[in-house]
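See below for the structure under consideration.
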Amino acid sequence: MNENIVTAPAAPAAAAVEPPRRPLASPLHTAVLVLVAVAVSLAGSSSVGASIARHGRIRTYAFTIAYELVLLGWVWLGIRRRGESIRRLIAGRWKTPEDFLLDLAIAAGYWIVAIAVLAGLSFALGLAGQAQADAAKKTLFALAPSTRPELALFIALSCVAGFIEEVVFRGYLQRQFAALCGGSAVIGIVASGIVFGLSHGYEGARRMVVIAVYGILFGVLAYWRKSLRPGMIAHAWHDVISGLALRLLK
């Protein structure tokens with residue numbers, strides 16, 4: 001989340017989200033990351049409700065935070081061998097309050113457009129029907145916080161996910177795929193978006209398609225802005241707002 005934002009030199013920051021001339025890490029490092037993310041996603045796709053019932057939301061949220069930190073640590077281990085850093089992946093810093101407000105405005109505009117696109121896509125995929133909506137609610141209500149301690153940890157999880165997932169998927173995988181495919185920004189954006197969708201198996205197959213498109217939109221935002229900061233803001237507050245809305249609906 002944005003409280004975790006660290007500074008980067010101004011000169012190279014603008015190029016940090018662009019496709020690098022060489023891979024950020026070895027192909028094996030990338031393959032392990034993708035396989036782990038997809039395997040964990042598929043393993044948890046049919047057991048979200050059971051996990052909540054067995055361990056409770058507090059433990060489930062805490063485990064998810066730990067898992068996100070492991071992903072970030074793996075990325076760091078891979079890129080440091082090539083002289084890269086998490087700071088460079090984020091790209092840039094807020095030098096003035098105006099910089100922060102600009103990124104906040106960009107994040108808000110992006111989020112509104114993305115929600116409209118995803119709503120249209122959900123309708124096109126038949127996810128707006130009553131049966132599909134009820135199935136989605138069953139899963140999401142199981143994850144939604146009910147008590148104040150759960151809500152506090154859920155907000156923390158949302159902030160962690162907003163920061164780490166943007167670093168992992170847009171900061172690392174997007175640039176890595178682009179570099180491995182001859183510097184193609186389009187391939188980097190699309191490939192990282194697909195992996196992002198595959199990493200959300202608990203949402204169900206068709207919703208994974210919607211989330212993949214969501215990831216692609218985040219990739220376009222990162223590439224255009226040359227920074228992960230607006231995406232981190234939009235990602236975190238989307239998760240927070242979703243949790244609050246589900247809690248109220250419960």
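Letters for chains follow the order of the structure tokens (A, B, ...), residue numbers begin at 1 for each chain, and ligand numbers begin at 1 in the order shown.
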Per residue of stretch 105-167 of chain A within 12 Å of stretch 182-198 of chain A, note the shortest atom pair and the distance in Å to one decimal, counting only C-alpha atoms, and order the rows by chain and increasing residue number, as a Markdown table.
| residue | atom | partner | partner_atom | distance |
| --- | --- | --- | --- | --- |
| A:Glu165 | CA | A:Phe196 | CA | 8.6 |
| A:Glu166 | CA | A:Phe196 | CA | 9.9 |
| A:Val167 | CA | A:Ser192 | CA | 11.4 |
Let's have the selection written as a short mmCIF file (atom, residue, chain, number, x, y, z; two decimals), in the first residue's frame, with N, CA and C atoms.
data_model
loop_
_atom_site.label_atom_id
_atom_site.label_comp_id
_atom_site.auth_asym_id
_atom_site.auth_seq_id
_atom_site.Cartn_x
_atom_site.Cartn_y
_atom_site.Cartn_z
N GLU A 165 0.80 -7.04 -4.93
CA GLU A 165 0.35 -7.60 -6.20
C GLU A 165 0.70 -6.69 -7.37
N GLU A 166 0.70 -5.39 -7.16
CA GLU A 166 1.13 -4.50 -8.24
C GLU A 166 2.63 -4.66 -8.50
N VAL A 167 3.42 -4.82 -7.44
CA VAL A 167 4.85 -5.05 -7.63
C VAL A 167 5.10 -6.37 -8.35
#
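Counting only C-alpha atoms, A:Ser227 has the following residues at most 7 Å away, ignoring those fewer than 4 positions along the same chain: Val17, Ile90, Ala91, Gly92 and Ala222 of chain A.
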Next item on the list: Going by DSSP on the backbone, which bits of stretch 95-193 of chain A are helix (DSSP H, G or I)? Write them as a PyMOL selection string, please.
Entry: chain A and resi 97-124+130-143+148-180+185-193
Note to self: Which residues are near A:Ile65? Cut-off 12 Å, only C-alpha atoms, ignore same chain within fewer than 2 positions. Put them as a PyMOL selection string.
What the structure shows: chain A and resi 58-63+67-72+153-165
Store the residues picked out above in a file with N, CA and C atoms, as a JSON list (two decimals), in the first residue's frame.
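So the final result, stored in result.json, reads:
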[["chain", "number", "residue", "atom", "x", "y", "z"],
["A", 58, "ILE", "N", -9.81, -14.47, 10.60],
["A", 58, "ILE", "CA", -8.57, -13.86, 11.08],
["A", 58, "ILE", "C", -7.36, -14.66, 10.60],
["A", 59, "ARG", "N", -7.38, -15.96, 10.80],
["A", 59, "ARG", "CA", -6.26, -16.80, 10.38],
["A", 59, "ARG", "C", -6.13, -16.82, 8.87],
["A", 60, "THR", "N", -7.26, -16.85, 8.18],
["A", 60, "THR", "CA", -7.21, -16.86, 6.71],
["A", 60, "THR", "C", -6.61, -15.57, 6.17],
["A", 61, "TYR", "N", -7.02, -14.43, 6.74],
["A", 61, "TYR", "CA", -6.44, -13.15, 6.32],
["A", 61, "TYR", "C", -4.94, -13.12, 6.62],
["A", 62, "ALA", "N", -4.57, -13.58, 7.82],
["A", 62, "ALA", "CA", -3.15, -13.57, 8.21],
["A", 62, "ALA", "C", -2.32, -14.46, 7.30],
["A", 63, "PHE", "N", -2.85, -15.64, 6.96],
["A", 63, "PHE", "CA", -2.14, -16.53, 6.05],
["A", 63, "PHE", "C", -1.97, -15.88, 4.68],
["A", 67, "TYR", "N", 1.43, -15.13, 2.69],
["A", 67, "TYR", "CA", 1.64, -15.63, 1.33],
["A", 67, "TYR", "C", 2.06, -14.50, 0.39],
["A", 68, "GLU", "N", 1.39, -13.35, 0.50],
["A", 68, "GLU", "CA", 1.75, -12.20, -0.34],
["A", 68, "GLU", "C", 3.19, -11.77, -0.07],
["A", 69, "LEU", "N", 3.59, -11.78, 1.19],
["A", 69, "LEU", "CA", 4.96, -11.40, 1.55],
["A", 69, "LEU", "C", 5.98, -12.40, 0.98],
["A", 70, "VAL", "N", 5.60, -13.68, 0.95],
["A", 70, "VAL", "CA", 6.49, -14.68, 0.36],
["A", 70, "VAL", "C", 6.68, -14.40, -1.13],
["A", 71, "LEU", "N", 5.60, -14.07, -1.83],
["A", 71, "LEU", "CA", 5.71, -13.73, -3.25],
["A", 71, "LEU", "C", 6.64, -12.53, -3.46],
["A", 72, "LEU", "N", 6.46, -11.51, -2.63],
["A", 72, "LEU", "CA", 7.31, -10.32, -2.74],
["A", 72, "LEU", "C", 8.76, -10.69, -2.47],
["A", 153, "LEU", "N", -8.16, -6.26, 10.09],
["A", 153, "LEU", "CA", -7.16, -7.10, 9.41],
["A", 153, "LEU", "C", -7.45, -7.19, 7.92],
["A", 154, "PHE", "N", -8.73, -7.14, 7.55],
["A", 154, "PHE", "CA", -9.08, -7.17, 6.13],
["A", 154, "PHE", "C", -8.57, -5.91, 5.43],
["A", 155, "ILE", "N", -8.69, -4.76, 6.09],
["A", 155, "ILE", "CA", -8.18, -3.52, 5.51],
["A", 155, "ILE", "C", -6.67, -3.60, 5.36],
["A", 156, "ALA", "N", -6.00, -4.16, 6.38],
["A", 156, "ALA", "CA", -4.55, -4.35, 6.29],
["A", 156, "ALA", "C", -4.20, -5.27, 5.12],
["A", 157, "LEU", "N", -4.96, -6.34, 4.96],
["A", 157, "LEU", "CA", -4.73, -7.27, 3.85],
["A", 157, "LEU", "C", -4.93, -6.57, 2.51],
["A", 158, "SER", "N", -5.95, -5.74, 2.41],
["A", 158, "SER", "CA", -6.22, -5.02, 1.17],
["A", 158, "SER", "C", -5.06, -4.09, 0.80],
["A", 159, "CYS", "N", -4.51, -3.43, 1.81],
["A", 159, "CYS", "CA", -3.38, -2.53, 1.57],
["A", 159, "CYS", "C", -2.13, -3.32, 1.15],
["A", 160, "VAL", "N", -1.90, -4.44, 1.83],
["A", 160, "VAL", "CA", -0.76, -5.28, 1.49],
["A", 160, "VAL", "C", -0.92, -5.81, 0.06],
["A", 161, "ALA", "N", -2.11, -6.30, -0.27],
["A", 161, "ALA", "CA", -2.35, -6.83, -1.61],
["A", 161, "ALA", "C", -2.20, -5.75, -2.67],
["A", 162, "GLY", "N", -2.71, -4.54, -2.38],
["A", 162, "GLY", "CA", -2.58, -3.46, -3.35],
["A", 162, "GLY", "C", -1.13, -3.14, -3.66],
["A", 163, "PHE", "N", -0.29, -3.18, -2.65],
["A", 163, "PHE", "CA", 1.14, -2.90, -2.84],
["A", 163, "PHE", "C", 1.86, -4.08, -3.50],
["A", 164, "ILE", "N", 1.73, -5.25, -2.90],
["A", 164, "ILE", "CA", 2.54, -6.39, -3.34],
["A", 164, "ILE", "C", 2.10, -6.92, -4.70],
["A", 165, "GLU", "N", 0.80, -7.04, -4.93],
["A", 165, "GLU", "CA", 0.35, -7.60, -6.20],
["A", 165, "GLU", "C", 0.70, -6.69, -7.37]]
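Compared by their closest atoms to A:Leu33, and using only C-alpha atoms, the residues A:Ala144, A:Gly78, A:Val117, A:Tyr214 rank with A:Gly78 nearest.
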Check: Given the choices A:Leu89, A:Leu102, A:Ile52, A:Ala39, which gets closest to A:Gln176 if the distance is worked out from only C-alpha atoms?
Finding: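 Closest candidate: A:Leu89.
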